>>> print(open('data.pdb').read())   # PDB, C-alpha atoms
ATOM      1  CA  MET T   1     -21.794 -15.522 -14.431
ATOM      2  CA  SER T   2     -20.695 -12.608 -16.550
ATOM      3  CA  THR T   3     -16.991 -12.284 -17.242
ATOM      4  CA  ASN T   4     -17.552  -9.068 -19.174
ATOM      5  CA  PHE T   5     -16.830  -6.929 -16.155
ATOM      6  CA  HIS T   6     -14.465  -4.009 -16.462
ATOM      7  CA  PHE T   7     -12.591  -3.904 -13.163
ATOM      8  CA  LEU T   8     -10.713  -0.978 -11.667
ATOM      9  CA  VAL T   9      -7.954  -1.918  -9.206
ATOM     10  CA  VAL T  10      -6.957   0.963  -6.906
ATOM     11  CA  ASP T  11      -3.778   0.646  -4.803
ATOM     12  CA  ASP T  12      -0.736   2.866  -4.277
ATOM     13  CA  PHE T  13       1.610  -0.157  -4.333
ATOM     14  CA  SER T  14       2.270  -1.383  -7.857
ATOM     15  CA  THR T  15       3.101  -4.876  -6.542
ATOM     16  CA  MET T  16      -0.355  -5.183  -5.026
ATOM     17  CA  ARG T  17      -2.058  -3.881  -8.164
ATOM     18  CA  ARG T  18      -0.220  -6.500 -10.218
ATOM     19  CA  ILE T  19      -1.185  -9.283  -7.810
ATOM     20  CA  VAL T  20      -4.869  -8.332  -7.804
ATOM     21  CA  ILE T  21      -4.904  -7.882 -11.593
ATOM     22  CA  ASN T  22      -3.305 -11.316 -12.076
ATOM     23  CA  LEU T  23      -5.776 -12.914  -9.671
ATOM     24  CA  LEU T  24      -8.702 -11.343 -11.521
ATOM     25  CA  LYS T  25      -7.305 -12.712 -14.783
ATOM     26  CA  GLU T  26      -6.997 -16.172 -13.218
ATOM     27  CA  LEU T  27     -10.663 -15.889 -12.300
ATOM     28  CA  GLY T  28     -11.493 -15.079 -15.918
ATOM     29  CA  TYR T  29     -11.817 -11.296 -15.655
ATOM     30  CA  HIS T  30      -9.492  -9.975 -18.330
ATOM     31  CA  LYS T  31     -10.632  -6.367 -18.655
ATOM     32  CA  VAL T  32      -8.883  -4.579 -15.805
ATOM     33  CA  SER T  33      -7.777  -0.958 -15.399
ATOM     34  CA  GLU T  34      -5.690   0.438 -12.540
ATOM     35  CA  ALA T  35      -5.227   3.615 -10.534
ATOM     36  CA  GLU T  36      -2.736   4.500  -7.806
ATOM     37  CA  ASP T  37      -4.996   6.607  -5.593
ATOM     38  CA  GLY T  38      -8.639   7.486  -5.011
ATOM     39  CA  GLU T  39      -8.485  10.735  -6.947
ATOM     40  CA  LYS T  40      -7.085   9.108 -10.096
ATOM     41  CA  ALA T  41      -9.666   6.325  -9.715
ATOM     42  CA  LEU T  42     -12.547   8.830  -9.530
ATOM     43  CA  LYS T  43     -11.246  10.592 -12.641
ATOM     44  CA  LEU T  44     -11.296   7.276 -14.522
ATOM     45  CA  LEU T  45     -14.744   6.390 -13.184
ATOM     46  CA  GLN T  46     -16.157   9.764 -14.178
ATOM     47  CA  ALA T  47     -14.431   9.855 -17.578
ATOM     48  CA  PRO T  48     -17.177  10.255 -20.184
ATOM     49  CA  ASP T  49     -15.013   8.933 -23.046
ATOM     50  CA  LEU T  50     -14.226   5.459 -21.665
ATOM     51  CA  ALA T  51     -14.967   2.852 -24.369
ATOM     52  CA  THR T  52     -16.296   0.335 -21.833
ATOM     53  CA  PRO T  53     -17.341   1.880 -18.545
ATOM     54  CA  ILE T  54     -15.864   0.468 -15.339
ATOM     55  CA  ASN T  55     -18.445  -1.604 -13.497
ATOM     56  CA  PHE T  56     -16.494  -3.070 -10.565
ATOM     57  CA  VAL T  57     -13.994  -1.431  -8.194
ATOM     58  CA  VAL T  58     -11.451  -3.258  -6.001
ATOM     59  CA  SER T  59      -9.704  -0.735  -3.756
ATOM     60  CA  ASP T  60      -7.076  -0.380  -1.069
ATOM     61  CA  TRP T  61      -7.826   1.897   1.894
ATOM     62  CA  ASN T  62      -4.580   3.582   2.885
ATOM     63  CA  MET T  63      -3.369   5.656  -0.074
ATOM     64  CA  PRO T  64      -1.876   9.114  -0.544
ATOM     65  CA  VAL T  65      -3.830  12.007  -2.128
ATOM     66  CA  MET T  66      -7.246  10.366  -1.597
ATOM     67  CA  ASP T  67      -7.774   7.236   0.493
ATOM     68  CA  GLY T  68     -10.145   4.408  -0.349
ATOM     69  CA  LEU T  69     -12.833   5.418   2.123
ATOM     70  CA  THR T  70     -13.047   8.983   0.770
ATOM     71  CA  MET T  71     -13.155   7.579  -2.759
ATOM     72  CA  LEU T  72     -15.979   5.240  -1.744
ATOM     73  CA  GLN T  73     -17.922   8.140  -0.206
ATOM     74  CA  ASN T  74     -17.459  10.138  -3.417
ATOM     75  CA  ILE T  75     -18.670   7.193  -5.495
ATOM     76  CA  ARG T  76     -21.818   6.806  -3.392
ATOM     77  CA  ALA T  77     -22.482  10.555  -3.583
ATOM     78  CA  ASP T  78     -22.248  10.576  -7.382
ATOM     79  CA  GLY T  79     -25.615   9.818  -8.997
ATOM     80  CA  ASN T  80     -24.013   8.042 -11.970
ATOM     81  CA  LEU T  81     -21.755   5.839  -9.854
ATOM     82  CA  ALA T  82     -23.798   5.326  -6.691
ATOM     83  CA  LYS T  83     -24.663   1.691  -7.472
ATOM     84  CA  LEU T  84     -21.141   0.670  -8.526
ATOM     85  CA  PRO T  85     -19.916  -2.432  -6.649
ATOM     86  CA  VAL T  86     -16.889  -1.585  -4.479
ATOM     87  CA  LEU T  87     -14.781  -4.243  -2.753
ATOM     88  CA  MET T  88     -12.245  -2.986  -0.213
ATOM     89  CA  VAL T  89      -8.980  -4.977  -0.046
ATOM     90  CA  THR T  90      -6.927  -3.527   2.758
ATOM     91  CA  ALA T  91      -4.516  -4.086   5.636
ATOM     92  CA  GLU T  92      -6.709  -1.811   7.814
ATOM     93  CA  ALA T  93      -8.303  -4.476   9.956
ATOM     94  CA  LYS T  94      -9.529  -2.486  12.945
ATOM     95  CA  LYS T  95     -13.162  -2.736  13.913
ATOM     96  CA  GLU T  96     -13.779   0.975  13.346
ATOM     97  CA  ASN T  97     -12.316   0.726   9.820
ATOM     98  CA  ILE T  98     -14.682  -2.067   8.905
ATOM     99  CA  ILE T  99     -17.672  -0.246  10.396
ATOM    100  CA  ALA T 100     -16.696   2.978   8.581
ATOM    101  CA  ALA T 101     -16.404   1.116   5.265
ATOM    102  CA  ALA T 102     -19.747  -0.595   5.792
ATOM    103  CA  GLU T 103     -21.424   2.705   6.654
ATOM    104  CA  ALA T 104     -19.899   4.338   3.579
ATOM    105  CA  GLY T 105     -21.496   1.606   1.461
ATOM    106  CA  ALA T 106     -18.701  -0.887   0.714
ATOM    107  CA  ASP T 107     -20.007  -4.112  -0.831
ATOM    108  CA  GLY T 108     -17.264  -6.278   0.643
ATOM    109  CA  TYR T 109     -14.146  -6.132   2.791
ATOM    110  CA  ILE T 110     -11.020  -8.289   2.408
ATOM    111  CA  VAL T 111      -8.158  -8.059   4.897
ATOM    112  CA  LYS T 112      -4.612  -8.318   3.547
ATOM    113  CA  PRO T 113      -2.867 -10.682   3.309
ATOM    114  CA  PHE T 114      -5.554 -12.678   1.539
ATOM    115  CA  THR T 115      -5.834 -15.726  -0.700
ATOM    116  CA  ALA T 116      -7.126 -16.160  -4.234
ATOM    117  CA  ALA T 117      -9.996 -18.220  -2.809
ATOM    118  CA  THR T 118     -11.072 -15.330  -0.539
ATOM    119  CA  LEU T 119     -11.106 -12.904  -3.463
ATOM    120  CA  LYS T 120     -13.185 -15.300  -5.556
ATOM    121  CA  GLU T 121     -15.627 -15.901  -2.716
ATOM    122  CA  LYS T 122     -16.188 -12.185  -2.046
ATOM    123  CA  LEU T 123     -16.510 -11.320  -5.735
ATOM    124  CA  ASP T 124     -19.022 -14.126  -6.318
ATOM    125  CA  LYS T 125     -21.009 -13.012  -3.300
ATOM    126  CA  ILE T 126     -21.236  -9.410  -4.522
ATOM    127  CA  ILE T 127     -22.125 -10.517  -8.057
ATOM    128  CA  GLU T 128     -24.870 -12.777  -6.721
ATOM    129  CA  LYS T 129     -26.215 -10.214  -4.253
ATOM    130  CA  LYS T 130     -26.323  -7.431  -6.840
ATOM    131  CA  GLY T 131     -27.709  -9.757  -9.517
ATOM    132  CA  LEU T 132     -24.917  -8.853 -11.947
TER     133      LEU T 132
ATOM    134  CA  MET G 133     -21.306  25.793  35.720
ATOM    135  CA  SER G 134     -22.226  27.793  32.570
ATOM    136  CA  GLU G 135     -20.841  26.896  29.164
ATOM    137  CA  GLN G 136     -18.796  30.094  29.094
ATOM    138  CA  ALA G 137     -17.266  29.328  32.455
ATOM    139  CA  ASN G 138     -16.362  25.863  31.171
ATOM    140  CA  LEU G 139     -14.689  27.415  28.145
ATOM    141  CA  ASP G 140     -12.776  29.860  30.324
ATOM    142  CA  ALA G 141     -11.602  27.037  32.544
ATOM    143  CA  GLY G 142     -10.466  25.186  29.376
ATOM    144  CA  VAL G 143      -8.427  28.166  28.196
ATOM    145  CA  ASP G 144      -6.910  28.629  31.657
ATOM    146  CA  GLY G 145      -6.096  24.920  31.764
ATOM    147  CA  LYS G 146      -4.392  25.114  28.378
ATOM    148  CA  GLU G 147      -2.377  28.133  29.405
ATOM    149  CA  ALA G 148      -1.307  26.375  32.560
ATOM    150  CA  VAL G 149      -0.147  23.379  30.529
ATOM    151  CA  TYR G 150       1.818  25.618  28.135
ATOM    152  CA  SER G 151       3.366  27.479  31.012
ATOM    153  CA  ARG G 152       4.415  24.222  32.672
ATOM    154  CA  LEU G 153       5.735  22.883  29.350
ATOM    155  CA  GLY G 154       7.716  26.096  28.950
ATOM    156  CA  SER G 155       9.299  25.683  32.328
ATOM    157  CA  ILE G 156      10.115  22.012  31.662
ATOM    158  CA  VAL G 157      11.800  22.973  28.391
ATOM    159  CA  ARG G 158      13.712  25.737  30.160
ATOM    160  CA  SER G 159      14.981  23.226  32.742
ATOM    161  CA  LEU G 160      15.857  20.765  29.988
ATOM    162  CA  HIS G 161      17.615  23.565  28.160
ATOM    163  CA  ASP G 162      19.720  24.376  31.240
ATOM    164  CA  ALA G 163      20.395  20.709  31.935
ATOM    165  CA  LEU G 164      21.547  20.143  28.368
ATOM    166  CA  ARG G 165      23.976  23.021  28.640
ATOM    167  CA  GLU G 166      25.346  21.796  31.953
ATOM    168  CA  LEU G 167      25.730  18.248  30.700
ATOM    169  CA  GLY G 168      27.201  19.348  27.382
ATOM    170  CA  ALA G 169      24.689  17.073  25.667
ATOM    171  CA  GLU G 170      24.388  19.142  22.476
ATOM    172  CA  GLN G 171      27.068  17.063  20.793
ATOM    173  CA  VAL G 172      25.310  13.777  21.627
ATOM    174  CA  LEU G 173      22.007  15.110  20.334
ATOM    175  CA  ALA G 174      23.627  16.506  17.214
ATOM    176  CA  GLU G 175      25.186  13.117  16.506
ATOM    177  CA  ALA G 176      21.867  11.376  17.052
ATOM    178  CA  ALA G 177      20.110  13.849  14.762
ATOM    179  CA  SER G 178      22.737  13.399  12.073
ATOM    180  CA  GLU G 179      22.163   9.610  12.135
ATOM    181  CA  PHE G 180      18.505   9.991  11.243
ATOM    182  CA  PRO G 181      18.791  10.789   7.534
ATOM    183  CA  SER G 182      21.088   7.772   7.136
ATOM    184  CA  ALA G 183      18.704   5.469   9.030
ATOM    185  CA  ARG G 184      15.818   6.712   6.913
ATOM    186  CA  GLU G 185      17.760   6.226   3.705
ATOM    187  CA  ARG G 186      18.665   2.662   4.710
ATOM    188  CA  LEU G 187      15.044   1.832   5.431
ATOM    189  CA  LEU G 188      13.935   3.274   2.104
ATOM    190  CA  HIS G 189      16.703   1.252   0.463
ATOM    191  CA  ILE G 190      15.236  -1.919   2.002
ATOM    192  CA  GLY G 191      11.870  -0.872   0.603
ATOM    193  CA  ARG G 192      13.337  -0.416  -2.862
ATOM    194  CA  LEU G 193      15.220  -3.732  -2.771
ATOM    195  CA  THR G 194      12.193  -5.753  -1.689
ATOM    196  CA  GLU G 195      10.028  -4.026  -4.279
ATOM    197  CA  LYS G 196      12.572  -4.874  -6.975
ATOM    198  CA  ALA G 197      12.721  -8.508  -5.829
ATOM    199  CA  ALA G 198       8.918  -8.746  -5.762
ATOM    200  CA  ASN G 199       8.713  -7.268  -9.253
ATOM    201  CA  THR G 200      11.293  -9.741 -10.561
ATOM    202  CA  VAL G 201       9.187 -12.622  -9.225
ATOM    203  CA  LEU G 202       6.002 -11.120 -10.674
ATOM    204  CA  ASN G 203       7.673 -10.624 -14.066
ATOM    205  CA  ARG G 204       8.802 -14.256 -14.187
ATOM    206  CA  VAL G 205       5.391 -15.499 -13.025
ATOM    207  CA  GLU G 206       3.654 -13.443 -15.716
ATOM    208  CA  GLU G 207       6.042 -14.817 -18.357
ATOM    209  CA  SER G 208       5.821 -18.450 -17.227
ATOM    210  CA  THR G 209       2.091 -18.739 -16.569
ATOM    211  CA  PRO G 210       0.891 -18.451 -20.194
ATOM    212  CA  ILE G 211       3.604 -20.931 -21.280
ATOM    213  CA  GLN G 212       2.293 -23.488 -18.772
ATOM    214  CA  GLU G 213      -1.276 -22.846 -19.880
ATOM    215  CA  ARG G 214      -0.403 -23.278 -23.554
ATOM    216  CA  LEU G 215       1.598 -26.441 -22.862
ATOM    217  CA  SER G 216      -1.308 -27.919 -20.954
ATOM    218  CA  ALA G 217      -3.851 -27.020 -23.646
ATOM    219  CA  GLU G 218      -1.671 -28.463 -26.414
ATOM    220  CA  ALA G 219      -1.058 -31.671 -24.445
ATOM    221  CA  ARG G 220      -4.815 -32.066 -23.954
ATOM    222  CA  GLN G 221      -5.465 -31.504 -27.656
ATOM    223  CA  LEU G 222      -2.758 -33.960 -28.746
ATOM    224  CA  HIS G 223      -3.976 -36.539 -26.240
ATOM    225  CA  SER G 224      -7.456 -36.429 -27.648
ATOM    226  CA  GLU G 225      -6.147 -36.637 -31.229
ATOM    227  CA  TRP G 226      -4.146 -39.769 -30.378
ATOM    228  CA  HIS G 227      -7.179 -41.183 -28.629
ATOM    229  CA  ASP G 228      -9.342 -40.771 -31.755
ATOM    230  CA  ALA G 229      -6.648 -41.869 -34.216
ATOM    231  CA  ASP G 230      -6.834 -45.204 -36.019
ATOM    232  CA  VAL G 231      -3.555 -46.685 -34.799
ATOM    233  CA  PRO G 232      -2.115 -50.012 -36.055
ATOM    234  CA  ASP G 233      -1.780 -52.631 -33.315
ATOM    235  CA  ALA G 234       2.019 -52.644 -33.622
ATOM    236  CA  LEU G 235       2.116 -49.011 -32.562
ATOM    237  CA  ARG G 236      -0.416 -49.381 -29.743
ATOM    238  CA  PRO G 237       2.130 -49.709 -26.867
ATOM    239  CA  LEU G 238       3.922 -46.570 -28.046
ATOM    240  CA  THR G 239       0.731 -44.512 -28.394
ATOM    241  CA  ASP G 240      -0.413 -45.696 -24.952
ATOM    242  CA  LYS G 241       2.860 -44.515 -23.465
ATOM    243  CA  THR G 242       2.579 -41.211 -25.327
ATOM    244  CA  GLY G 243      -0.953 -40.826 -24.000
ATOM    245  CA  GLN G 244       0.261 -41.371 -20.442
ATOM    246  CA  PHE G 245       3.030 -38.861 -20.973
ATOM    247  CA  LEU G 246       0.562 -36.247 -22.289
ATOM    248  CA  SER G 247      -1.673 -36.805 -19.260
ATOM    249  CA  GLY G 248       1.384 -36.322 -17.056
ATOM    250  CA  VAL G 249       2.197 -33.085 -18.866
ATOM    251  CA  GLN G 250      -1.285 -31.719 -18.129
ATOM    252  CA  GLU G 251      -1.016 -32.719 -14.489
ATOM    253  CA  GLY G 252       2.477 -31.266 -14.148
ATOM    254  CA  CYS G 253       1.404 -28.006 -15.797
ATOM    255  CA  GLY G 254      -1.469 -27.739 -13.336
ATOM    256  CA  VAL G 255       0.867 -28.171 -10.342
ATOM    257  CA  THR G 256       3.369 -25.658 -11.766
ATOM    258  CA  ARG G 257       0.542 -23.226 -12.511
ATOM    259  CA  ALA G 258      -0.705 -23.456  -8.900
ATOM    260  CA  GLY G 259       2.865 -23.022  -7.625
ATOM    261  CA  LEU G 260       3.324 -19.894  -9.758
ATOM    262  CA  SER G 261       0.082 -18.512  -8.406
ATOM    263  CA  ASP G 262       1.275 -19.105  -4.817
ATOM    264  CA  MET G 263       4.599 -17.412  -5.613
ATOM    265  CA  MET G 264       2.701 -14.426  -6.941
ATOM    266  CA  MET G 265       0.493 -14.230  -3.844
ATOM    267  CA  ALA G 266       3.551 -14.483  -1.584
ATOM    268  CA  GLN G 267       4.791 -11.172  -3.031
ATOM    269  CA  ASP G 268       2.061  -9.335  -1.153
ATOM    270  CA  PHE G 269       4.586  -9.143   1.702
ATOM    271  CA  GLN G 270       6.056  -6.201  -0.209
ATOM    272  CA  ASP G 271       2.860  -4.215   0.185
ATOM    273  CA  LEU G 272       2.714  -4.848   3.935
ATOM    274  CA  THR G 273       6.435  -4.332   4.638
ATOM    275  CA  GLY G 274       6.442  -1.310   2.344
ATOM    276  CA  GLN G 275       3.600   0.298   4.302
ATOM    277  CA  LEU G 276       5.392  -0.402   7.594
ATOM    278  CA  ILE G 277       8.634   1.086   6.289
ATOM    279  CA  LYS G 278       6.777   4.201   5.133
ATOM    280  CA  LYS G 279       5.198   4.588   8.571
ATOM    281  CA  VAL G 280       8.527   4.141  10.393
ATOM    282  CA  VAL G 281      10.143   6.687   8.070
ATOM    283  CA  VAL G 282       7.431   9.192   9.005
ATOM    284  CA  VAL G 283       8.067   8.533  12.723
ATOM    285  CA  LEU G 284      11.814   8.965  12.179
ATOM    286  CA  GLU G 285      11.212  12.231  10.343
ATOM    287  CA  ARG G 286       9.036  13.553  13.135
ATOM    288  CA  THR G 287      11.488  12.526  15.844
ATOM    289  CA  GLU G 288      14.373  14.030  13.923
ATOM    290  CA  ASN G 289      12.432  17.248  13.559
ATOM    291  CA  ASP G 290      11.713  17.369  17.293
ATOM    292  CA  LEU G 291      15.317  16.597  18.116
ATOM    293  CA  ILE G 292      16.628  19.321  15.835
ATOM    294  CA  LYS G 293      14.157  21.799  17.299
ATOM    295  CA  LEU G 294      15.421  20.841  20.752
ATOM    296  CA  LEU G 295      19.013  21.236  19.578
ATOM    297  CA  LEU G 296      18.351  24.644  18.078
ATOM    298  CA  ASP G 297      16.686  25.571  21.310
ATOM    299  CA  ALA G 298      19.489  24.378  23.559
ATOM    300  CA  ALA G 299      22.452  25.410  21.464
ATOM    301  CA  PRO G 300      24.394  28.676  21.603
ATOM    302  CA  GLU G 301      24.601  30.726  18.342
ATOM    303  CA  GLY G 302      27.669  29.024  16.847
ATOM    304  CA  VAL G 303      26.301  25.495  17.171
ATOM    305  CA  VAL G 304      22.987  26.417  15.531
ATOM    306  CA  SER G 305      24.743  27.363  12.309
ATOM    307  CA  GLU G 306      26.635  24.060  12.413
ATOM    308  CA  VAL G 307      23.434  22.040  12.729
ATOM    309  CA  LYS G 308      21.957  23.959   9.829
ATOM    310  CA  LYS G 309      25.039  23.264   7.772
ATOM    311  CA  GLU G 310      24.567  19.520   8.258
ATOM    312  CA  GLU G 311      20.988  19.830   7.072
ATOM    313  CA  VAL G 312      22.097  21.775   4.014
ATOM    314  CA  MET G 313      24.654  19.069   3.256
ATOM    315  CA  ALA G 314      21.847  16.529   3.026
ATOM    316  CA  GLY G 315      21.062  18.312  -0.249
ATOM    317  CA  PRO G 316      17.949  20.169  -1.301
ATOM    318  CA  GLY G 317      15.062  17.775  -1.727
ATOM    319  CA  ALA G 318      16.998  14.947  -0.040
ATOM    320  CA  VAL G 319      14.591  12.257   1.144
ATOM    321  CA  GLY G 320      13.127  13.331   4.440
ATOM    322  CA  GLY G 321      15.308  16.456   4.626
ATOM    323  CA  VAL G 322      14.224  18.675   7.474
ATOM    324  CA  ALA G 323      13.788  22.289   6.567
ATOM    325  CA  LEU G 324      13.236  24.439   9.620
ATOM    326  CA  ASP G 325      13.156  28.141   8.807
ATOM    327  CA  GLN G 326      13.651  31.028  11.189
ATOM    328  CA  GLY G 327       9.893  31.605  11.349
ATOM    329  CA  ASP G 328       9.344  28.033  12.603
ATOM    330  CA  VAL G 329      12.080  28.428  15.187
ATOM    331  CA  ASP G 330      10.717  31.774  16.387
ATOM    332  CA  ASP G 331       7.132  30.463  16.547
ATOM    333  CA  LEU G 332       8.217  27.404  18.481
ATOM    334  CA  LEU G 333      10.257  29.408  20.942
ATOM    335  CA  ALA G 334       7.401  31.885  21.380
ATOM    336  CA  ASP G 335       4.978  28.993  22.041
ATOM    337  CA  LEU G 336       7.325  27.678  24.680
ATOM    338  CA  GLY G 337       7.526  31.031  26.392
ATOM    339  CA  PHE G 338      11.011  32.171  25.375
TER     340      PHE G 338
END
>>> encode(input="data.pdb", output="structure tokens")
Amino acid sequence: MSTNFHFLVVDDFSTMRRIVINLLKELGYHKVSEAEDGEKALKLLQAPDLATPINFVVSDWNMPVMDGLTMLQNIRADGNLAKLPVLMVTAEAKKENIIAAAEAGADGYIVKPFTAATLKEKLDKIIEKKGL
Amino acid sequence: MSEQANLDAGVDGKEAVYSRLGSIVRSLHDALRELGAEQVLAEAASEFPSARERLLHIGRLTEKAANTVLNRVEESTPIQERLSAEARQLHSEWHDADVPDALRPLTDKTGQFLSGVQEGCGVTRAGLSDMMMAQDFQDLTGQLIKKVVVVLERTENDLIKLLLDAAPEGVVSEVKKEEVMAGPGAVGGVALDQGDVDDLLADLGF
């Protein structure tokens, strides 16, 4: 398993970003960037001058400026980013939310509140499925 | 029925609804005057900014508390990890060392202690991780508070519109004064300009 991933954690709540970043570090993923909304995340993802490109996104849904679903749709529509793994971590647990995320091309969906074990399980599953 | 006829019926239906709404508001307007309820409504409206501010204060306090916990967890975790790694290293060095028999009981005890340190560090490390995870309440409560604040803002807006609508000239300026006293840019301050008031009244058939 590669621990050389560069993660991007997208959430408008700084507490949640810190928790996810710490969990990723516990799991051995030490290269993590953060963004507070979908628009800022897209800017980072599309930045041509990033030393190590981001290759895994963990995102909240409900955010100001640009929500996680819109960000995901933008990622899938961008030729350079289309294959980027995106894991949604969100309190939006309605059936239509999950269907919308799946249709937009999310690779996984975690409902808040969640445990470290759930995060590990979903990450491992995506890594295995995508052959990363 | 043709599509056009359907559309026409839709427009007529909408107009009927607006006309009925207008007449309900007119009745409410008269009733408010007769009951002298402007004062009650004005008091209720003036409570909203304070309620909103208190909710936001709760949000800030819980965020601060969550951050304090996260700071301490982030400080303590590496210390526990280092302690555990050093205990493991020392344990293995003692294990490989050529120790005289006289010292054997002491080194055995030290070895047990170093094993205990590793175990204890593991338990503390897991506890710190749980404490960190428990702070996710702040994300969920914070989102709820934000949503309630939006509802409060909307209700306050509606209430003030109703007040402006029901009040005679003098009272309107008083309501506006209270809004001004909230300060420009005050959290959730409701700015309703004359255009908004006129549009609303026009929509309601006044």
>>> atom_distance(input="data.pdb", atom1="atom CA of Lys241 of chain G", atom2="atom CA of Gln221 of chain G")
16.0 Å
>>> closest_atom_pairs(input="data.pdb", of="chain G", to="chain T", cutoff="9 Å", atoms="only C-alpha atoms", output="JSON lines")
{"residue": "G:Glu195", "atom": "CA", "partner": "T:Thr15", "partner_atom": "CA", "distance": 7.3}
{"residue": "G:Ala198", "atom": "CA", "partner": "T:Thr15", "partner_atom": "CA", "distance": 7.0}
{"residue": "G:Asn199", "atom": "CA", "partner": "T:Thr15", "partner_atom": "CA", "distance": 6.7}
{"residue": "G:Leu202", "atom": "CA", "partner": "T:Arg18", "partner_atom": "CA", "distance": 7.8}
{"residue": "G:Glu206", "atom": "CA", "partner": "T:Asn22", "partner_atom": "CA", "distance": 8.1}
{"residue": "G:Ser261", "atom": "CA", "partner": "T:Leu23", "partner_atom": "CA", "distance": 8.2}
{"residue": "G:Asp262", "atom": "CA", "partner": "T:Thr115", "partner_atom": "CA", "distance": 8.9}
{"residue": "G:Met264", "atom": "CA", "partner": "T:Ile19", "partner_atom": "CA", "distance": 6.5}
{"residue": "G:Met265", "atom": "CA", "partner": "T:Ile19", "partner_atom": "CA", "distance": 6.6}
{"residue": "G:Ala266", "atom": "CA", "partner": "T:Pro113", "partner_atom": "CA", "distance": 8.9}
{"residue": "G:Gln267", "atom": "CA", "partner": "T:Thr15", "partner_atom": "CA", "distance": 7.4}
{"residue": "G:Asp268", "atom": "CA", "partner": "T:Met16", "partner_atom": "CA", "distance": 6.2}
{"residue": "G:Phe269", "atom": "CA", "partner": "T:Pro113", "partner_atom": "CA", "distance": 7.8}
{"residue": "G:Gln270", "atom": "CA", "partner": "T:Thr15", "partner_atom": "CA", "distance": 7.1}
{"residue": "G:Asp271", "atom": "CA", "partner": "T:Met16", "partner_atom": "CA", "distance": 6.2}
{"residue": "G:Leu272", "atom": "CA", "partner": "T:Ala91", "partner_atom": "CA", "distance": 7.5}
{"residue": "G:Gly274", "atom": "CA", "partner": "T:Phe13", "partner_atom": "CA", "distance": 8.3}
{"residue": "G:Gln275", "atom": "CA", "partner": "T:Phe13", "partner_atom": "CA", "distance": 8.9}
>>> resolve_selection(input="data.pdb", expression="the PyMOL selection byres ((chain T and resi 100) around 12)", output="ChimeraX atom specification")
/T:61,68-70,72-73,88,92-99,101-106,109
>>> axis_aligned_box(input="data.pdb", around="segment 241-247 of chain G", padding_each_side="8 Å", output="JSON")
{"center_x": 0.7, "center_y": -40.4, "center_z": -22.3, "size_x": 20.7, "size_y": 24.3, "size_z": 22.1}
>>> atom_distance(input="data.pdb", atom1="atom CA of Asn55 of chain T", atom2="atom CA of Lys43 of chain T")
14.2 Å
>>> resolve_selection(input="data.pdb", expression="the PyMOL selection byres ((chain T and resi 107) around 7)", output="number ranges by chain")
T: 85-87, 105-106, 108, 126
>>> closest_residue(input="data.pdb", among="G:Ala197, G:Val205, G:Val283, G:Leu173", to="Leu296 of chain G", atoms="only C-alpha atoms")
G:Leu173
